[in-house]
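Asks: Before I ask anything, let me first share the structure, which is written out below as structure tokens.
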Amino acid sequence: MALTHDSGLVEVVDRVWVSRHSWFDMNLTVIAGTAGLVVIDTLPSDRAARTAIADLRRKLNQPVVAIINTHEHFDHVLGNATFKEVWPEASLIAHEVAASRTVVAAEAVRRLYEADPDEPGRDEVLATEPLAADDTFASVRVLDLGDRALELVHPGRGHTAGDIVIHDPTAGVLVAGDLVEESQDRGGAPGFGTESHPFEWPLTLDVVLNMTRDDTLVVPGHGAIVDRAYVEEQRAHLGVIAETIRDLAGRGVSAAAALDAAQWPYRREFLGDAITRGYADLPNSAKRLPLL
């Protein structure tokens with residue numbers, strides 16, 4: 001389903017809205033039940049959150065009863081305090097690992113922005129104070145919205161150690177956070193970073209796929225809405241990356257040489273952290289001495 005950047009909330013199925021933002025090609029999702037609204041991911045700054053809140057209030061005449069972070073990265077959480085200021089009674093929910101890392105992760109990003117005066121959005125990020133979720137869970141949680149129930153699931157580690165997905169079986173929608181990415185700003189590459197888990201990520205997506213049907217709409221953290229087939233393809237690519245790392249390390253190819261030693265399903269510029277993390281996670285028994 002095509003969503004235009006910065007056009008505000010668009011209803012994609014019954015009482016599920018997504019707004020797609022040009023900054024990081026980021027998605028914010030709103031789900032409505034008779035008990036109120038749930039907002040999933042709160043954007044990268046106070047200013048961005050206030051713009052989203054104004055749009056939400058114009059279009060939807062219900063209170064926000066819950067705010068959910070799919071993981072701890074700043075582009076998904078820095079609007080938390082702004083939403084809580086407007087709806088102080090709303091629950092602020094995240095996986096326990098994500099909540100414990102929210103402030104630390106935000107402060108690390110703020111230091112990067114401080115060091116680069118030319119970074120777009122720098123002033124907005126530096127002007128926003130992080131707020132961590134205080135309503136946490138470890139594995140599974142059900143959120144009752146009156147006439148519909150949302151399943152909050154930690155399917156395993158992948159993009160981070162604290163990823164969750166939000167499944168609305170009534171509407172046939174799954175909000176995947178950055179466990180699934182489509183953004184063509186990155187050529188559709190998943191967001192491997194220094195906290196990613198490249199060997200576990202394919203297995204985590206197997207759990208996600210088991211929650212979907214052929215007609216399920218999947219909202220990625222970044223990019224266009226996709227379907228189950230797209231997630232299957234991304235899972236296959238993640239599996240190729242994991243097995244390629246294992247193969248290269250087992251043949252004695254060094255981490256420094258790995259990117260140039262194989263064919264990869266995504267552009268090499270987006271896979272550096274996957275290689276670093278993968279080699280670090282392999283037991284010594286799975287590695288040979290680097291080839292001379």
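Residue numbers start at 1 in each chain; chains themselves are named A, B, ... in the order of the structure tokens; ligands are numbered from 1 in the order shown.
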Extract, using only C-alpha atoms, all DNA, RNA and protein residues at most 12 Å from Thr51 (chain A), discarding same-chain residues fewer than 5 positions from it, and format them as a PyMOL selection string.

Replies: chain A and resi 6-9+19+21+28+42-46+56-58+79+82-83

Asks: Mind writing the picked residues with C-alpha atoms as an mmCIF file, in the first residue's frame?

Replies:
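Saved file part32.cif follows:
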data_model
loop_
_atom_site.group_PDB
_atom_site.id
_atom_site.type_symbol
_atom_site.label_atom_id
_atom_site.label_comp_id
_atom_site.auth_asym_id
_atom_site.auth_seq_id
_atom_site.Cartn_x
_atom_site.Cartn_y
_atom_site.Cartn_z
ATOM 1 C CA ASP A 6 4.321 13.721 5.435
ATOM 2 C CA SER A 7 0.664 13.511 4.420
ATOM 3 C CA GLY A 8 -0.521 12.643 7.925
ATOM 4 C CA LEU A 9 -2.509 9.696 9.188
ATOM 5 C CA SER A 19 1.631 8.189 8.927
ATOM 6 C CA HIS A 21 7.456 10.669 7.568
ATOM 7 C CA LEU A 28 3.925 6.019 13.195
ATOM 8 C CA THR A 42 6.680 8.358 18.698
ATOM 9 C CA LEU A 43 9.159 9.780 16.135
ATOM 10 C CA PRO A 44 12.645 11.276 16.538
ATOM 11 C CA SER A 45 11.943 14.569 18.322
ATOM 12 C CA ASP A 46 9.542 16.653 20.366
ATOM 13 C CA LEU A 56 -4.132 12.949 15.381
ATOM 14 C CA ARG A 57 -6.352 15.409 17.268
ATOM 15 C CA ARG A 58 -7.737 16.849 14.030
ATOM 16 C CA GLY A 79 8.512 11.722 21.171
ATOM 17 C CA THR A 82 5.596 14.815 24.308
ATOM 18 C CA PHE A 83 2.822 12.251 23.985
#

Asks: Enumerate, as a ChimeraX atom specification, the complete set of residues in region 40-267 of chain A that a backbone-based DSSP assignment places in strand (DSSP E or B).

Replies: /A:40,64-68,91-95,135-137,140-144,149-153,165-168,173-177,217-220,222,226

Asks: Can those selected residues be exported to a file as a compact mmCIF listing (two decimals), in the first residue's frame so that it contains N, CA and C atoms?

Replies:
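The result, stored in part24.txt:
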# COMPACT_ATOMS: atom_id res chain seq x y z
N ILE A 40 1.89 3.78 18.24
CA ILE A 40 3.06 2.92 18.17
C ILE A 40 4.21 3.68 17.52
N VAL A 64 -5.69 8.98 23.76
CA VAL A 64 -4.65 7.96 23.67
C VAL A 64 -4.55 7.27 25.02
N VAL A 65 -4.72 5.95 25.02
CA VAL A 65 -4.68 5.19 26.27
C VAL A 65 -3.38 4.41 26.43
N ALA A 66 -2.63 4.25 25.34
CA ALA A 66 -1.35 3.55 25.43
C ALA A 66 -0.41 4.04 24.34
N ILE A 67 0.87 4.10 24.70
CA ILE A 67 1.95 4.47 23.77
C ILE A 67 2.93 3.31 23.81
N ILE A 68 3.30 2.79 22.64
CA ILE A 68 4.15 1.61 22.58
C ILE A 68 5.41 1.94 21.79
N SER A 91 -0.58 4.60 29.24
CA SER A 91 0.53 3.70 29.55
C SER A 91 1.63 3.86 28.52
N LEU A 92 2.88 3.83 28.97
CA LEU A 92 4.04 3.90 28.08
C LEU A 92 4.73 2.54 28.14
N ILE A 93 4.60 1.76 27.07
CA ILE A 93 4.91 0.33 27.09
C ILE A 93 6.08 0.01 26.17
N ALA A 94 6.97 -0.88 26.64
CA ALA A 94 8.07 -1.39 25.82
C ALA A 94 8.55 -2.71 26.41
N HIS A 95 9.34 -3.42 25.66
CA HIS A 95 10.02 -4.59 26.21
C HIS A 95 10.98 -4.13 27.31
N ASP A 135 6.15 0.80 31.76
CA ASP A 135 5.23 -0.34 31.75
C ASP A 135 5.86 -1.37 30.82
N THR A 136 6.52 -2.37 31.39
CA THR A 136 7.34 -3.27 30.59
C THR A 136 6.89 -4.72 30.71
N PHE A 137 7.35 -5.53 29.77
CA PHE A 137 7.07 -6.96 29.80
C PHE A 137 8.24 -7.69 29.17
N VAL A 140 5.19 -11.78 26.32
CA VAL A 140 3.91 -11.55 25.64
C VAL A 140 3.01 -10.72 26.54
N ARG A 141 2.26 -9.85 25.91
CA ARG A 141 1.29 -9.02 26.63
C ARG A 141 0.08 -8.83 25.73
N VAL A 142 -1.11 -8.83 26.32
CA VAL A 142 -2.34 -8.53 25.58
C VAL A 142 -2.88 -7.20 26.06
N LEU A 143 -3.17 -6.31 25.13
CA LEU A 143 -3.69 -4.99 25.45
C LEU A 143 -5.15 -4.92 25.01
N ASP A 144 -6.05 -4.79 25.97
CA ASP A 144 -7.49 -4.80 25.70
C ASP A 144 -7.97 -3.39 25.34
N ALA A 149 -8.38 -6.66 20.74
CA ALA A 149 -7.23 -6.90 21.61
C ALA A 149 -5.97 -6.92 20.76
N LEU A 150 -4.94 -6.25 21.26
CA LEU A 150 -3.65 -6.24 20.58
C LEU A 150 -2.70 -7.21 21.28
N GLU A 151 -1.99 -8.00 20.47
CA GLU A 151 -0.99 -8.92 20.99
C GLU A 151 0.39 -8.27 20.86
N LEU A 152 1.03 -8.03 21.99
CA LEU A 152 2.38 -7.47 22.02
C LEU A 152 3.33 -8.64 22.28
N VAL A 153 4.24 -8.89 21.35
CA VAL A 153 5.07 -10.09 21.41
C VAL A 153 6.54 -9.73 21.20
N VAL A 165 6.77 -6.84 18.37
CA VAL A 165 5.80 -6.60 17.29
C VAL A 165 4.43 -6.47 17.94
N ILE A 166 3.54 -5.76 17.26
CA ILE A 166 2.18 -5.55 17.74
C ILE A 166 1.24 -6.14 16.69
N HIS A 167 0.48 -7.13 17.09
CA HIS A 167 -0.38 -7.85 16.16
C HIS A 167 -1.84 -7.55 16.48
N ASP A 168 -2.56 -7.11 15.49
CA ASP A 168 -4.00 -6.89 15.60
C ASP A 168 -4.69 -7.93 14.73
N VAL A 173 -3.39 -6.82 10.84
CA VAL A 173 -2.24 -5.93 10.75
C VAL A 173 -1.19 -6.35 11.76
N LEU A 174 0.05 -6.31 11.35
CA LEU A 174 1.17 -6.52 12.28
C LEU A 174 2.15 -5.38 12.13
N VAL A 175 2.41 -4.68 13.24
CA VAL A 175 3.39 -3.59 13.25
C VAL A 175 4.71 -4.18 13.71
N ALA A 176 5.71 -4.16 12.82
CA ALA A 176 6.92 -4.95 13.02
C ALA A 176 8.10 -4.17 13.55
N GLY A 177 7.98 -2.83 13.69
CA GLY A 177 9.17 -2.08 14.07
C GLY A 177 10.28 -2.33 13.07
N LEU A 217 -1.37 -7.24 6.58
CA LEU A 217 -0.57 -6.05 6.28
C LEU A 217 0.51 -5.93 7.34
N VAL A 218 1.74 -5.73 6.90
CA VAL A 218 2.87 -5.59 7.82
C VAL A 218 3.41 -4.17 7.69
N VAL A 219 3.41 -3.46 8.82
CA VAL A 219 3.92 -2.09 8.86
C VAL A 219 5.36 -2.14 9.35
N PRO A 220 6.33 -1.85 8.48
CA PRO A 220 7.72 -1.85 8.93
C PRO A 220 8.05 -0.58 9.68
N HIS A 222 10.36 1.43 8.91
CA HIS A 222 10.72 2.43 7.91
C HIS A 222 10.29 1.92 6.53
N VAL A 226 4.10 -3.56 3.74
CA VAL A 226 4.43 -4.74 2.94
C VAL A 226 3.48 -5.88 3.30

Asks: Tell me which of A:Val86, A:Arg157, A:Thr244, A:Gly162 sits closest to Asp206 (chain A), counting only C-alpha atoms.

Replies: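 Of A:Val86, A:Arg157, A:Thr244, A:Gly162, the one nearest Asp206 (chain A), counting only C-alpha atoms, is A:Arg157.
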
Asks: Would you pick out the contacts of region 277-285 of chain A at 8 Å or less, using only C-alpha atoms, so that residues sharing its chain but fewer than 3 positions from it are not included, and give the list as a PDB file with N, CA and C atoms, in the first residue's frame?

Replies:
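Saved file part.pdb follows:
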ATOM      1  N   THR A 194      25.079  -1.856  15.796  1.00  0.00           N
ATOM      2  CA  THR A 194      25.985  -2.426  16.785  1.00  0.00           C
ATOM      3  C   THR A 194      25.258  -3.243  17.845  1.00  0.00           C
ATOM      4  N   SER A 196      22.638  -5.302  16.906  1.00  0.00           N
ATOM      5  CA  SER A 196      21.866  -6.315  16.189  1.00  0.00           C
ATOM      6  C   SER A 196      22.389  -7.720  16.474  1.00  0.00           C
ATOM      7  N   HIS A 197      21.569  -8.693  16.092  1.00  0.00           N
ATOM      8  CA  HIS A 197      21.884 -10.106  16.330  1.00  0.00           C
ATOM      9  C   HIS A 197      21.660 -10.867  15.024  1.00  0.00           C
ATOM     10  N   PRO A 198      22.657 -10.851  14.131  1.00  0.00           N
ATOM     11  CA  PRO A 198      22.439 -11.380  12.779  1.00  0.00           C
ATOM     12  C   PRO A 198      22.139 -12.869  12.715  1.00  0.00           C
ATOM     13  N   PHE A 199      22.625 -13.666  13.670  1.00  0.00           N
ATOM     14  CA  PHE A 199      22.336 -15.097  13.628  1.00  0.00           C
ATOM     15  C   PHE A 199      20.946 -15.426  14.172  1.00  0.00           C
ATOM     16  N   ALA A 242      23.504 -14.617   7.447  1.00  0.00           N
ATOM     17  CA  ALA A 242      24.002 -15.375   8.593  1.00  0.00           C
ATOM     18  C   ALA A 242      24.852 -16.560   8.138  1.00  0.00           C
ATOM     19  N   ILE A 245      28.261 -15.479   6.649  1.00  0.00           N
ATOM     20  CA  ILE A 245      29.232 -15.130   7.695  1.00  0.00           C
ATOM     21  C   ILE A 245      29.832 -16.399   8.297  1.00  0.00           C
ATOM     22  N   ARG A 246      28.998 -17.378   8.606  1.00  0.00           N
ATOM     23  CA  ARG A 246      29.496 -18.639   9.166  1.00  0.00           C
ATOM     24  C   ARG A 246      30.481 -19.311   8.206  1.00  0.00           C
ATOM     25  N   ALA A 249      33.875 -17.274   7.946  1.00  0.00           N
ATOM     26  CA  ALA A 249      34.684 -17.446   9.152  1.00  0.00           C
ATOM     27  C   ALA A 249      35.253 -18.857   9.226  1.00  0.00           C
ATOM     28  N   ALA A 255      37.256 -10.943   9.281  1.00  0.00           N
ATOM     29  CA  ALA A 255      36.113 -10.030   9.280  1.00  0.00           C
ATOM     30  C   ALA A 255      36.377  -8.830   8.382  1.00  0.00           C
ATOM     31  N   ASP A 273      28.117  -3.657  10.110  1.00  0.00           N
ATOM     32  CA  ASP A 273      27.831  -4.080  11.480  1.00  0.00           C
ATOM     33  C   ASP A 273      27.362  -5.526  11.539  1.00  0.00           C
ATOM     34  N   ALA A 274      26.716  -6.005  10.485  1.00  0.00           N
ATOM     35  CA  ALA A 274      26.318  -7.414  10.452  1.00  0.00           C
ATOM     36  C   ALA A 274      27.556  -8.306  10.495  1.00  0.00           C
ATOM     37  N   ARG A 288      38.387 -20.350  11.647  1.00  0.00           N
ATOM     38  CA  ARG A 288      39.756 -20.762  11.368  1.00  0.00           C
ATOM     39  C   ARG A 288      40.642 -19.538  11.406  1.00  0.00           C
TER      40      ARG A 288
END

Asks: Give me the residues within 12 Å of Thr128 (chain A) as a list in words, counting only C-alpha atoms and dropping any in the same chain fewer than 3 places off.

Replies: Leu43, Pro44, Ser45, Asp46, Arg47, Ala48, Ala49, Arg50, Phe74, Asp75, Val77, Leu78, Gly79, Asn80, Ala81, Thr82, Val103, Ala106, Glu107, Val109, Arg110, Gly121, Arg122, Asp123, Glu124, Val125 and Leu131 of chain A

Asks: For the residues in that selection, give me N, CA and C atoms as a PDB file, in the first residue's frame.

Replies:
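So the final result, stored in again35.pdb, reads:
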ATOM      1  N   LEU A  43       8.382   8.897  17.013  1.00  0.00           N
ATOM      2  CA  LEU A  43       9.159   9.780  16.135  1.00  0.00           C
ATOM      3  C   LEU A  43      10.418  10.315  16.822  1.00  0.00           C
ATOM      4  N   PRO A  44      11.294  10.993  16.044  1.00  0.00           N
ATOM      5  CA  PRO A  44      12.645  11.276  16.538  1.00  0.00           C
ATOM      6  C   PRO A  44      12.820  12.569  17.328  1.00  0.00           C
ATOM      7  N   SER A  45      11.760  13.318  17.591  1.00  0.00           N
ATOM      8  CA  SER A  45      11.943  14.569  18.322  1.00  0.00           C
ATOM      9  C   SER A  45      10.617  15.067  18.881  1.00  0.00           C
ATOM     10  N   ASP A  46      10.732  15.997  19.811  1.00  0.00           N
ATOM     11  CA  ASP A  46       9.542  16.653  20.366  1.00  0.00           C
ATOM     12  C   ASP A  46       8.760  17.365  19.265  1.00  0.00           C
ATOM     13  N   ARG A  47       9.468  18.063  18.390  1.00  0.00           N
ATOM     14  CA  ARG A  47       8.782  18.809  17.324  1.00  0.00           C
ATOM     15  C   ARG A  47       8.027  17.872  16.390  1.00  0.00           C
ATOM     16  N   ALA A  48       8.658  16.777  15.986  1.00  0.00           N
ATOM     17  CA  ALA A  48       7.989  15.822  15.102  1.00  0.00           C
ATOM     18  C   ALA A  48       6.768  15.219  15.791  1.00  0.00           C
ATOM     19  N   ALA A  49       6.911  14.930  17.088  1.00  0.00           N
ATOM     20  CA  ALA A  49       5.781  14.364  17.834  1.00  0.00           C
ATOM     21  C   ALA A  49       4.626  15.345  17.922  1.00  0.00           C
ATOM     22  N   ARG A  50       4.916  16.622  18.138  1.00  0.00           N
ATOM     23  CA  ARG A  50       3.837  17.620  18.241  1.00  0.00           C
ATOM     24  C   ARG A  50       3.079  17.752  16.918  1.00  0.00           C
ATOM     25  N   PHE A  74      16.368   6.004  19.056  1.00  0.00           N
ATOM     26  CA  PHE A  74      15.846   7.354  19.289  1.00  0.00           C
ATOM     27  C   PHE A  74      14.761   7.763  18.300  1.00  0.00           C
ATOM     28  N   ASP A  75      14.867   7.288  17.047  1.00  0.00           N
ATOM     29  CA  ASP A  75      13.872   7.689  16.058  1.00  0.00           C
ATOM     30  C   ASP A  75      12.497   7.098  16.351  1.00  0.00           C
ATOM     31  N   VAL A  77      11.483   6.681  19.773  1.00  0.00           N
ATOM     32  CA  VAL A  77      11.114   6.928  21.177  1.00  0.00           C
ATOM     33  C   VAL A  77      11.217   8.379  21.640  1.00  0.00           C
ATOM     34  N   LEU A  78      11.885   9.253  20.895  1.00  0.00           N
ATOM     35  CA  LEU A  78      12.134  10.589  21.450  1.00  0.00           C
ATOM     36  C   LEU A  78      10.866  11.428  21.591  1.00  0.00           C
ATOM     37  N   GLY A  79       9.777  11.024  20.961  1.00  0.00           N
ATOM     38  CA  GLY A  79       8.512  11.722  21.171  1.00  0.00           C
ATOM     39  C   GLY A  79       7.734  11.239  22.381  1.00  0.00           C
ATOM     40  N   ASN A  80       8.285  10.298  23.151  1.00  0.00           N
ATOM     41  CA  ASN A  80       7.554   9.733  24.291  1.00  0.00           C
ATOM     42  C   ASN A  80       7.063  10.794  25.263  1.00  0.00           C
ATOM     43  N   ALA A  81       7.973  11.660  25.687  1.00  0.00           N
ATOM     44  CA  ALA A  81       7.623  12.662  26.704  1.00  0.00           C
ATOM     45  C   ALA A  81       6.548  13.612  26.186  1.00  0.00           C
ATOM     46  N   THR A  82       6.580  13.899  24.893  1.00  0.00           N
ATOM     47  CA  THR A  82       5.596  14.815  24.308  1.00  0.00           C
ATOM     48  C   THR A  82       4.209  14.191  24.330  1.00  0.00           C
ATOM     49  N   VAL A 103      17.237   5.530  27.502  1.00  0.00           N
ATOM     50  CA  VAL A 103      17.953   6.768  27.814  1.00  0.00           C
ATOM     51  C   VAL A 103      19.413   6.657  27.396  1.00  0.00           C
ATOM     52  N   ALA A 106      19.638   6.976  23.640  1.00  0.00           N
ATOM     53  CA  ALA A 106      19.356   8.350  23.203  1.00  0.00           C
ATOM     54  C   ALA A 106      20.529   9.268  23.484  1.00  0.00           C
ATOM     55  N   GLU A 107      21.138   9.120  24.637  1.00  0.00           N
ATOM     56  CA  GLU A 107      22.275   9.980  24.980  1.00  0.00           C
ATOM     57  C   GLU A 107      23.456   9.718  24.052  1.00  0.00           C
ATOM     58  N   VAL A 109      23.257   8.838  20.908  1.00  0.00           N
ATOM     59  CA  VAL A 109      22.928   9.500  19.641  1.00  0.00           C
ATOM     60  C   VAL A 109      23.060  11.010  19.779  1.00  0.00           C
ATOM     61  N   ARG A 110      22.646  11.548  20.899  1.00  0.00           N
ATOM     62  CA  ARG A 110      22.767  12.994  21.104  1.00  0.00           C
ATOM     63  C   ARG A 110      24.220  13.450  21.032  1.00  0.00           C
ATOM     64  N   GLY A 121      18.224  17.834  11.325  1.00  0.00           N
ATOM     65  CA  GLY A 121      17.452  17.548  12.525  1.00  0.00           C
ATOM     66  C   GLY A 121      18.237  17.671  13.814  1.00  0.00           C
ATOM     67  N   ARG A 122      19.461  18.141  13.735  1.00  0.00           N
ATOM     68  CA  ARG A 122      20.330  18.189  14.921  1.00  0.00           C
ATOM     69  C   ARG A 122      19.689  18.964  16.063  1.00  0.00           C
ATOM     70  N   ASP A 123      19.197  20.161  15.790  1.00  0.00           N
ATOM     71  CA  ASP A 123      18.648  20.999  16.860  1.00  0.00           C
ATOM     72  C   ASP A 123      17.418  20.357  17.490  1.00  0.00           C
ATOM     73  N   GLU A 124      16.597  19.702  16.666  1.00  0.00           N
ATOM     74  CA  GLU A 124      15.404  19.038  17.200  1.00  0.00           C
ATOM     75  C   GLU A 124      15.771  17.906  18.149  1.00  0.00           C
ATOM     76  N   VAL A 125      16.749  17.106  17.752  1.00  0.00           N
ATOM     77  CA  VAL A 125      17.157  15.980  18.597  1.00  0.00           C
ATOM     78  C   VAL A 125      17.757  16.479  19.903  1.00  0.00           C
ATOM     79  N   LEU A 131      12.536   9.818  27.360  1.00  0.00           N
ATOM     80  CA  LEU A 131      11.716   9.267  28.440  1.00  0.00           C
ATOM     81  C   LEU A 131      11.528   7.787  28.167  1.00  0.00           C
TER      82      LEU A 131
END

Asks: Go through A:Gly156, A:Pro130, A:Gly272, A:Gly146 and flag the residue nearest Leu205 (chain A), using only C-alpha atoms for the distances.

Replies: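 Among the listed residues, the smallest separation from Leu205 (chain A) belongs to A:Gly156.
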
Asks: Could you check the closest approach to Pro169 (chain A) for each of A:His73, A:Pro190, A:Ser139, A:Met211 and tell me which residue wins, using only C-alpha atoms?

Replies: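 That would be A:Met211, the residue with the smallest distance to Pro169 (chain A).
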
Asks: For region 232-236 of chain A, work out the shell of residues within 10 Å, counting only C-alpha atoms and skipping chain neighbours fewer than 4 positions away, then give it as a list in words.

Replies: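 So the residues in contact are Leu179, Val180, Glu181, Glu182, Gly188, Ala189, Pro190, Trp201, Pro202, Leu203, Thr204, Leu205, Asp206, Val208, Leu209, Asp227, Arg228, Val240, Ile241, Ala242 and Pro265 of chain A.
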
Asks: Write to file, as a PDB file, in the first residue's frame, the residues of the selection just made, with N, CA and C atoms.

Replies:
ATOM      1  N   LEU A 179      12.286  -4.862  12.940  1.00  0.00           N
ATOM      2  CA  LEU A 179      12.526  -6.251  12.554  1.00  0.00           C
ATOM      3  C   LEU A 179      12.280  -6.453  11.064  1.00  0.00           C
ATOM      4  N   VAL A 180      11.450  -5.580  10.481  1.00  0.00           N
ATOM      5  CA  VAL A 180      11.209  -5.573   9.041  1.00  0.00           C
ATOM      6  C   VAL A 180      11.434  -4.157   8.539  1.00  0.00           C
ATOM      7  N   GLU A 181      12.177  -4.017   7.454  1.00  0.00           N
ATOM      8  CA  GLU A 181      12.387  -2.692   6.870  1.00  0.00           C
ATOM      9  C   GLU A 181      12.183  -2.760   5.360  1.00  0.00           C
ATOM     10  N   GLU A 182      11.630  -1.683   4.824  1.00  0.00           N
ATOM     11  CA  GLU A 182      11.390  -1.604   3.389  1.00  0.00           C
ATOM     12  C   GLU A 182      12.038  -0.383   2.762  1.00  0.00           C
ATOM     13  N   GLY A 188      16.138  -1.111   0.897  1.00  0.00           N
ATOM     14  CA  GLY A 188      15.377  -2.169   1.535  1.00  0.00           C
ATOM     15  C   GLY A 188      16.155  -2.985   2.542  1.00  0.00           C
ATOM     16  N   ALA A 189      17.383  -2.585   2.838  1.00  0.00           N
ATOM     17  CA  ALA A 189      18.222  -3.374   3.751  1.00  0.00           C
ATOM     18  C   ALA A 189      17.739  -3.260   5.185  1.00  0.00           C
ATOM     19  N   PRO A 190      17.728  -4.372   5.917  1.00  0.00           N
ATOM     20  CA  PRO A 190      17.425  -4.298   7.351  1.00  0.00           C
ATOM     21  C   PRO A 190      18.469  -3.456   8.077  1.00  0.00           C
ATOM     22  N   TRP A 201      18.287 -13.187  14.123  1.00  0.00           N
ATOM     23  CA  TRP A 201      17.256 -12.426  13.415  1.00  0.00           C
ATOM     24  C   TRP A 201      16.411 -13.291  12.481  1.00  0.00           C
ATOM     25  N   PRO A 202      16.995 -14.189  11.661  1.00  0.00           N
ATOM     26  CA  PRO A 202      16.138 -15.016  10.803  1.00  0.00           C
ATOM     27  C   PRO A 202      15.152 -15.866  11.603  1.00  0.00           C
ATOM     28  N   LEU A 203      15.587 -16.414  12.728  1.00  0.00           N
ATOM     29  CA  LEU A 203      14.700 -17.238  13.547  1.00  0.00           C
ATOM     30  C   LEU A 203      13.610 -16.393  14.191  1.00  0.00           C
ATOM     31  N   THR A 204      13.951 -15.164  14.554  1.00  0.00           N
ATOM     32  CA  THR A 204      12.954 -14.249  15.092  1.00  0.00           C
ATOM     33  C   THR A 204      11.874 -13.955  14.056  1.00  0.00           C
ATOM     34  N   LEU A 205      12.285 -13.764  12.809  1.00  0.00           N
ATOM     35  CA  LEU A 205      11.286 -13.525  11.757  1.00  0.00           C
ATOM     36  C   LEU A 205      10.441 -14.768  11.479  1.00  0.00           C
ATOM     37  N   ASP A 206      10.968 -15.942  11.748  1.00  0.00           N
ATOM     38  CA  ASP A 206      10.127 -17.135  11.640  1.00  0.00           C
ATOM     39  C   ASP A 206       8.946 -17.051  12.599  1.00  0.00           C
ATOM     40  N   VAL A 208       7.638 -14.251  13.753  1.00  0.00           N
ATOM     41  CA  VAL A 208       6.760 -13.211  13.214  1.00  0.00           C
ATOM     42  C   VAL A 208       5.905 -13.765  12.082  1.00  0.00           C
ATOM     43  N   LEU A 209       6.510 -14.523  11.189  1.00  0.00           N
ATOM     44  CA  LEU A 209       5.764 -15.086  10.064  1.00  0.00           C
ATOM     45  C   LEU A 209       4.657 -16.022  10.536  1.00  0.00           C
ATOM     46  N   ASP A 227       3.679  -7.017   2.630  1.00  0.00           N
ATOM     47  CA  ASP A 227       2.850  -8.190   2.897  1.00  0.00           C
ATOM     48  C   ASP A 227       3.711  -9.336   3.419  1.00  0.00           C
ATOM     49  N   ARG A 228       3.062 -10.459   3.662  1.00  0.00           N
ATOM     50  CA  ARG A 228       3.770 -11.609   4.211  1.00  0.00           C
ATOM     51  C   ARG A 228       4.882 -12.081   3.274  1.00  0.00           C
ATOM     52  N   VAL A 240      20.618 -15.891   4.463  1.00  0.00           N
ATOM     53  CA  VAL A 240      21.797 -15.933   3.595  1.00  0.00           C
ATOM     54  C   VAL A 240      22.959 -15.185   4.235  1.00  0.00           C
ATOM     55  N   ILE A 241      22.680 -14.021   4.804  1.00  0.00           N
ATOM     56  CA  ILE A 241      23.739 -13.243   5.444  1.00  0.00           C
ATOM     57  C   ILE A 241      24.347 -14.025   6.605  1.00  0.00           C
ATOM     58  N   ALA A 242      23.504 -14.617   7.447  1.00  0.00           N
ATOM     59  CA  ALA A 242      24.002 -15.375   8.593  1.00  0.00           C
ATOM     60  C   ALA A 242      24.852 -16.560   8.138  1.00  0.00           C
ATOM     61  N   PRO A 265      23.004 -10.170  -0.332  1.00  0.00           N
ATOM     62  CA  PRO A 265      21.685  -9.793  -0.858  1.00  0.00           C
ATOM     63  C   PRO A 265      21.353  -8.306  -0.741  1.00  0.00           C
TER      64      PRO A 265
END
